[in-house]
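Listing of entry05.csv; format and content: CSV, C-alpha atoms.
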chain,number,residue,atom,x,y,z
F,1,MET,CA,-145.9,6.0,34.4
F,2,THR,CA,-142.9,7.9,33.2
F,3,ARG,CA,-141.2,4.7,31.9
F,4,ARG,CA,-144.4,3.8,30.0
F,5,TRP,CA,-144.5,7.1,28.2
F,6,LEU,CA,-140.8,6.8,27.4
F,7,VAL,CA,-141.5,3.4,25.8
F,8,VAL,CA,-144.4,4.7,23.7
F,9,ALA,CA,-142.4,7.8,22.6
F,10,GLY,CA,-139.5,5.5,21.6
F,11,ALA,CA,-141.8,3.4,19.5
F,12,VAL,CA,-143.3,6.4,17.8
F,13,VAL,CA,-139.8,7.6,16.9
F,14,LEU,CA,-138.9,4.3,15.4
F,15,VAL,CA,-142.0,4.2,13.3
F,16,LEU,CA,-141.4,7.7,12.0
F,17,ILE,CA,-137.8,6.8,11.1
F,18,ALA,CA,-139.0,3.7,9.2
F,19,VAL,CA,-141.5,5.9,7.3
F,20,VAL,CA,-138.8,8.3,6.3
F,21,VAL,CA,-136.5,5.5,5.2
F,22,VAL,CA,-139.2,3.9,3.1
F,23,ALA,CA,-140.2,7.2,1.5
F,24,ALA,CA,-136.6,8.0,0.6
F,25,SER,CA,-136.1,4.6,-0.8
F,26,ASP,CA,-139.2,5.0,-3.0
F,27,ARG,CA,-138.0,8.3,-4.3
F,28,GLU,CA,-134.6,6.9,-5.2
F,29,ARG,CA,-136.0,3.8,-7.0
F,30,PRO,CA,-135.4,4.3,-10.7
F,31,ARG,CA,-138.3,4.0,-13.1
F,32,SER,CA,-138.3,2.5,-16.6
F,33,GLN,CA,-137.7,5.0,-19.4
F,34,ALA,CA,-141.2,4.3,-20.6
F,35,SER,CA,-144.1,3.8,-18.3
F,36,GLY,CA,-147.7,3.0,-18.4
F,37,ALA,CA,-150.5,5.4,-17.7
F,38,ASP,CA,-150.2,4.8,-13.9
F,39,GLY,CA,-146.4,4.9,-13.8
F,40,SER,CA,-146.0,1.1,-14.0
F,41,GLN,CA,-144.2,-0.8,-16.8
F,42,PRO,CA,-146.0,-0.4,-20.1
F,43,VAL,CA,-148.2,-3.3,-21.2
F,44,VAL,CA,-148.1,-4.5,-24.8
F,45,ALA,CA,-150.5,-6.9,-26.5
F,46,PHE,CA,-149.7,-8.7,-29.7
F,47,ILE,CA,-152.3,-10.0,-32.2
F,48,GLY,CA,-151.0,-12.0,-35.1
F,49,ASP,CA,-150.3,-15.2,-37.0
F,50,SER,CA,-147.7,-18.0,-36.6
F,51,TRP,CA,-144.9,-15.5,-36.4
F,52,THR,CA,-146.4,-13.9,-33.4
F,53,ALA,CA,-147.1,-17.4,-31.9
F,54,GLY,CA,-143.3,-18.1,-32.2
F,55,THR,CA,-143.4,-20.8,-34.9
F,56,GLY,CA,-139.9,-21.7,-36.0
F,57,ALA,CA,-138.2,-20.8,-32.8
F,58,SER,CA,-136.5,-23.9,-31.3
F,59,ASP,CA,-136.5,-22.8,-27.7
F,60,GLY,CA,-140.0,-21.4,-27.5
F,61,PRO,CA,-139.9,-17.6,-27.5
F,62,GLY,CA,-140.7,-16.0,-30.8
F,63,TYR,CA,-140.2,-12.4,-31.8
F,64,ALA,CA,-143.1,-11.2,-29.6
F,65,GLU,CA,-141.7,-12.7,-26.3
F,66,ARG,CA,-138.2,-11.6,-27.2
F,67,THR,CA,-139.4,-8.0,-27.8
F,68,ILE,CA,-141.2,-8.1,-24.4
F,69,ASP,CA,-138.1,-9.4,-22.7
F,70,GLN,CA,-135.9,-6.8,-24.4
F,71,LEU,CA,-138.1,-4.0,-23.3
F,72,GLY,CA,-138.7,-5.3,-19.8
F,73,TRP,CA,-142.5,-4.6,-20.2
F,74,ASP,CA,-145.5,-6.7,-19.4
F,75,GLY,CA,-146.9,-8.4,-22.4
F,76,HIS,CA,-149.6,-10.6,-23.8
F,77,VAL,CA,-149.2,-12.7,-27.0
F,78,LEU,CA,-152.3,-13.7,-29.0
F,79,GLY,CA,-150.8,-15.3,-32.0
F,80,VAL,CA,-152.6,-18.1,-33.9
F,81,GLY,CA,-150.9,-19.9,-36.8
F,82,GLY,CA,-152.8,-19.8,-40.1
F,83,SER,CA,-154.9,-16.8,-39.1
F,84,GLY,CA,-155.1,-13.4,-40.8
F,85,TYR,CA,-157.4,-10.5,-41.4
F,86,VAL,CA,-159.6,-12.9,-43.4
F,87,ALA,CA,-158.1,-16.3,-42.8
F,88,PRO,CA,-159.4,-17.9,-39.6
F,89,GLY,CA,-156.7,-20.5,-39.1
F,90,PRO,CA,-158.0,-23.0,-36.5
F,91,GLY,CA,-160.1,-20.4,-34.8
F,92,GLN,CA,-161.0,-16.8,-35.8
F,93,PRO,CA,-159.4,-14.0,-37.9
F,94,PHE,CA,-157.5,-11.3,-36.1
F,95,ALA,CA,-160.7,-9.4,-35.3
F,96,GLY,CA,-161.7,-12.2,-32.9
F,97,ARG,CA,-158.8,-11.4,-30.7
F,98,ILE,CA,-159.4,-7.6,-30.4
F,99,ARG,CA,-161.5,-7.9,-27.3
F,100,PRO,CA,-159.1,-10.3,-25.4
F,101,ALA,CA,-156.2,-8.1,-26.3
F,102,LEU,CA,-157.9,-4.9,-25.1
F,103,ASP,CA,-159.0,-6.7,-21.9
F,104,THR,CA,-155.4,-6.8,-20.9
F,105,GLU,CA,-155.5,-2.9,-20.6
F,106,PRO,CA,-152.6,-2.5,-23.0
F,107,ASP,CA,-150.6,0.8,-23.5
F,108,VAL,CA,-149.6,-0.5,-26.9
F,109,VAL,CA,-151.2,-3.0,-29.3
F,110,VAL,CA,-149.3,-4.6,-32.2
F,111,MET,CA,-151.2,-6.2,-35.0
F,112,GLN,CA,-149.0,-8.3,-37.2
F,113,GLY,CA,-149.5,-10.0,-40.6
F,114,SER,CA,-150.8,-11.4,-42.7
F,115,ILE,CA,-149.1,-13.7,-45.1
F,116,ASN,CA,-152.0,-16.2,-44.6
F,117,ASP,CA,-154.2,-14.0,-46.7
F,118,THR,CA,-152.3,-14.6,-49.9
F,119,ALA,CA,-155.3,-16.6,-51.3
F,120,THR,CA,-157.6,-13.7,-50.6
F,121,ASP,CA,-158.2,-11.1,-53.4
F,122,VAL,CA,-156.8,-7.7,-52.5
F,123,ALA,CA,-160.2,-5.9,-52.4
F,124,THR,CA,-161.6,-8.4,-49.9
F,125,LEU,CA,-158.4,-8.3,-47.8
F,126,ALA,CA,-158.4,-4.5,-47.8
F,127,ALA,CA,-162.0,-4.3,-46.6
F,128,ALA,CA,-161.4,-6.9,-43.8
F,129,ALA,CA,-158.2,-5.1,-42.7
F,130,ARG,CA,-160.0,-1.7,-42.6
F,131,ARG,CA,-162.9,-3.1,-40.6
F,132,THR,CA,-160.5,-4.8,-38.2
F,133,LEU,CA,-158.2,-1.9,-37.6
F,134,GLU,CA,-161.0,0.7,-37.3
F,135,ARG,CA,-162.7,-1.5,-34.8
F,136,LEU,CA,-159.5,-1.9,-32.8
F,137,ALA,CA,-159.0,1.9,-32.7
F,138,ALA,CA,-162.6,2.5,-31.8
F,139,GLU,CA,-162.8,0.0,-29.0
F,140,ALA,CA,-159.5,0.8,-27.3
F,141,GLU,CA,-159.2,3.1,-24.4
F,142,PRO,CA,-158.1,6.7,-25.1
F,143,GLY,CA,-154.4,7.0,-25.1
F,144,THR,CA,-153.7,3.5,-26.4
F,145,ARG,CA,-151.0,3.4,-29.0
F,146,PHE,CA,-150.9,1.1,-32.0
F,147,LEU,CA,-148.4,-0.4,-34.5
F,148,VAL,CA,-149.7,-2.3,-37.5
F,149,LEU,CA,-146.9,-4.6,-38.7
F,150,GLY,CA,-147.0,-5.9,-42.2
F,151,ALA,CA,-145.9,-9.3,-43.5
F,152,SER,CA,-142.3,-10.1,-44.2
F,153,HIS,CA,-140.7,-11.5,-47.3
F,154,THR,CA,-140.1,-15.2,-47.0
F,155,PRO,CA,-138.3,-17.8,-49.1
F,156,GLY,CA,-141.6,-19.6,-49.7
F,157,THR,CA,-143.8,-16.7,-50.7
F,158,THR,CA,-143.4,-14.5,-53.8
F,159,ALA,CA,-142.4,-10.9,-53.1
F,160,GLU,CA,-145.3,-9.7,-55.2
F,161,ALA,CA,-147.8,-11.5,-53.0
F,162,VAL,CA,-146.3,-10.1,-49.8
F,163,ASP,CA,-146.1,-6.6,-51.3
F,164,GLY,CA,-149.8,-6.8,-52.3
F,165,ILE,CA,-150.8,-7.8,-48.8
F,166,ASN,CA,-148.8,-5.0,-47.3
F,167,ALA,CA,-150.2,-2.4,-49.6
F,168,ALA,CA,-153.7,-3.3,-48.7
F,169,VAL,CA,-153.0,-3.4,-45.0
F,170,ALA,CA,-151.1,-0.1,-45.1
F,171,ALA,CA,-154.1,1.6,-46.7
F,172,ALA,CA,-156.4,0.1,-44.1
F,173,ALA,CA,-154.1,1.4,-41.3
F,174,ALA,CA,-154.1,4.8,-42.8
F,175,SER,CA,-157.9,4.8,-43.0
F,176,ALA,CA,-158.0,3.9,-39.2
F,177,GLY,CA,-155.3,6.5,-38.4
F,178,LEU,CA,-152.8,3.9,-37.2
F,179,MET,CA,-149.1,3.6,-37.7
F,180,PHE,CA,-147.9,1.1,-40.3
F,181,VAL,CA,-144.5,-0.5,-40.7
F,182,ASP,CA,-143.5,-2.6,-43.6
F,183,PRO,CA,-140.8,-5.1,-42.5
F,184,ALA,CA,-140.6,-6.5,-46.0
F,185,ALA,CA,-139.7,-3.2,-47.6
F,186,GLU,CA,-137.2,-2.6,-44.7
F,187,ASN,CA,-135.8,-6.2,-45.2
F,188,TRP,CA,-136.0,-7.1,-41.5
F,189,THR,CA,-135.7,-10.8,-42.5
F,190,ASP,CA,-133.8,-11.3,-45.7
F,191,PRO,CA,-135.3,-14.2,-47.6
F,192,ALA,CA,-132.0,-14.9,-49.2
F,193,ASP,CA,-130.2,-15.5,-45.9
F,194,PRO,CA,-130.5,-19.2,-45.1
F,195,ALA,CA,-129.1,-18.6,-41.6
F,196,ILE,CA,-132.4,-17.1,-40.3
F,197,TRP,CA,-135.0,-19.5,-41.6
F,198,ALA,CA,-136.5,-22.6,-39.9
F,199,ASP,CA,-138.5,-23.4,-43.0
F,200,PRO,CA,-139.6,-21.5,-46.1
F,201,TRP,CA,-142.2,-19.5,-44.2
F,202,HIS,CA,-140.9,-19.1,-40.6
F,203,PRO,CA,-137.8,-17.6,-39.0
F,204,ASN,CA,-135.6,-19.6,-36.7
F,205,ASP,CA,-134.3,-18.3,-33.4
F,206,LEU,CA,-131.9,-15.9,-35.1
F,207,GLY,CA,-134.7,-14.7,-37.4
F,208,HIS,CA,-137.1,-14.0,-34.5
F,209,GLN,CA,-134.3,-12.2,-32.7
F,210,ARG,CA,-133.7,-10.0,-35.7
F,211,VAL,CA,-137.4,-9.0,-35.8
F,212,ALA,CA,-137.3,-8.3,-32.0
F,213,ASP,CA,-134.2,-6.1,-32.4
F,214,ARG,CA,-136.0,-4.0,-35.0
F,215,LEU,CA,-139.3,-3.9,-33.2
F,216,ALA,CA,-138.2,-3.1,-29.7
F,217,PRO,CA,-136.9,0.4,-30.4
F,218,LEU,CA,-140.0,1.2,-32.4
F,219,LEU,CA,-142.3,0.3,-29.5
F,220,ARG,CA,-140.1,2.2,-27.0
F,221,GLU,CA,-140.5,5.3,-29.2
F,222,ILE,CA,-144.2,4.7,-29.6
F,223,ALA,CA,-144.7,4.4,-25.8
F,224,GLY,CA,-142.9,7.7,-25.3
F,225,GLY,CA,-139.6,6.7,-23.8

Represent the supplied structure as structure tokens.
Amino acid sequence: MTRRWLVVAGAVVLVLIAVVVVAASDRERPRSQASGADGSQPVVAFIGDSWTAGTGASDGPGYAERTIDQLGWDGHVLGVGGSGYVAPGPGQPFAGRIRPALDTEPDVVVMQGSINDTATDVATLAAAARRTLERLAAEAEPGTRFLVLGASHTPGTTAEAVDGINAAVAAAAASAGLMFVDPAAENWTDPADPAIWADPWHPNDLGHQRVADRLAPLLREIAGG
């Protein structure tokens, strides 16, 4: 009888030691500088055009995947070539991806574009962008953060066309209370640098990496870490 109690007592001690070791290990495990609402890695969802889809990158990952990898976050990329705030591409405009993006329960949403709306008059584009961004902000969970990323200057598009698009989208973002960044004005991808272009409209691997290098610090700051 005494031996049986000694065995039980010994097992209990071993279990308690294991619990203490696991708890100590959990306390010592470093966390990411930025974290999601529940302490996990932040989640970022990208909505955009062919740049977001990674067109021009020879090895697959475009700027969105490279940004996700650089941050070490969880990410979802909803990029469709040819699409914009008005242009549907082969599917729907950006607004058609709002619900799928929000269903990923993102901490941050990036809306990128849209050079595909160059054929749309500015008034129509501005109205569509305002509706899209206001809906995005209204349907997102409280605490979700946003970055509206304008179009970039490219060798194949006039600077005037890109600047007109970005002015309309910037006004729409302001109307929705969302942060807007103009990569054309900040020259993230120099249209005069042949080393970063896969074709007149899309960056190559180096070009996508340059966008990621500029975008990752912004998203880290937006996420609060």

- Residues around (-150.1, 3.9, -24.3), cut-off 6 Å, counting only C-alpha atoms - what are they as a PyMOL selection string? chain F and resi 107-108+143-145+223

Considering only C-alpha atoms, give me a table of residues in region 25-134 of chain F that are at most 8 Å from region 155-168 of chain F, with the closest atom pair and distance in Å for each, as CSV.
residue,atom,partner,partner_atom,distance
F:Ser114,CA,F:Ile165,CA,7.1
F:Ile115,CA,F:Val162,CA,6.5
F:Asp117,CA,F:Ile165,CA,7.4
F:Thr118,CA,F:Ala161,CA,6.3
F:Val122,CA,F:Ala168,CA,6.6
F:Ala123,CA,F:Ala168,CA,7.9
F:Leu125,CA,F:Ala168,CA,6.9
F:Ala126,CA,F:Ala168,CA,4.9
F:Ala129,CA,F:Ala168,CA,7.7

- Query: So which residues fall inside 8 Å of (-153.1, -15.2, -33.0) if we count all atoms listed in the file? Mind giving them as an MDAnalysis selection string?
  - Reply: chainID F and resid 47:50 52:53 77:81 83 94 97

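Proximity of F:Gly150, F:Gly54, F:Pro100, F:Pro217 to Ala172 (chain F), computed with all atoms listed in the file, is greatest for F:Gly150.
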
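For Pro194 (chain F), the set of protein, DNA and RNA residues having any atom at most 12 Å away, when counting only C-alpha atoms and skipping those fewer than 3 positions along the same chain, is Thr154, Pro155, Thr189, Asp190, Pro191, Trp197, Ala198, Asp199, Pro200, Trp201, His202, Pro203, Asn204, Leu206 and Gly207 of chain F.
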
- Message: Residues near Leu178 (chain F), anyone? I mean within 10 Å using all atoms listed in the file, not counting same-chain ones fewer than 6 positions away, as a ChimeraX atom specification.
- Response: /F:133-134,136-137,145-148,170-172

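When only C-alpha atoms are used to measure the gap to Asp103 (chain F), the shortest distance among F:Gly72, F:Val43, F:Gly91, F:Pro61 belongs to F:Val43.
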
- Note on the structure: Computed gap from CA of Asp74 (chain F) to CA of Ala173 (chain F) is 24.9 Å

- Can you tell me how far CA of Leu102 (chain F) sits from CA of Leu149 (chain F), in Å to one decimal? 17.5 Å

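From CA of Ala45 (chain F) back to CA of Pro106 (chain F), the distance works out to 6.0 Å.
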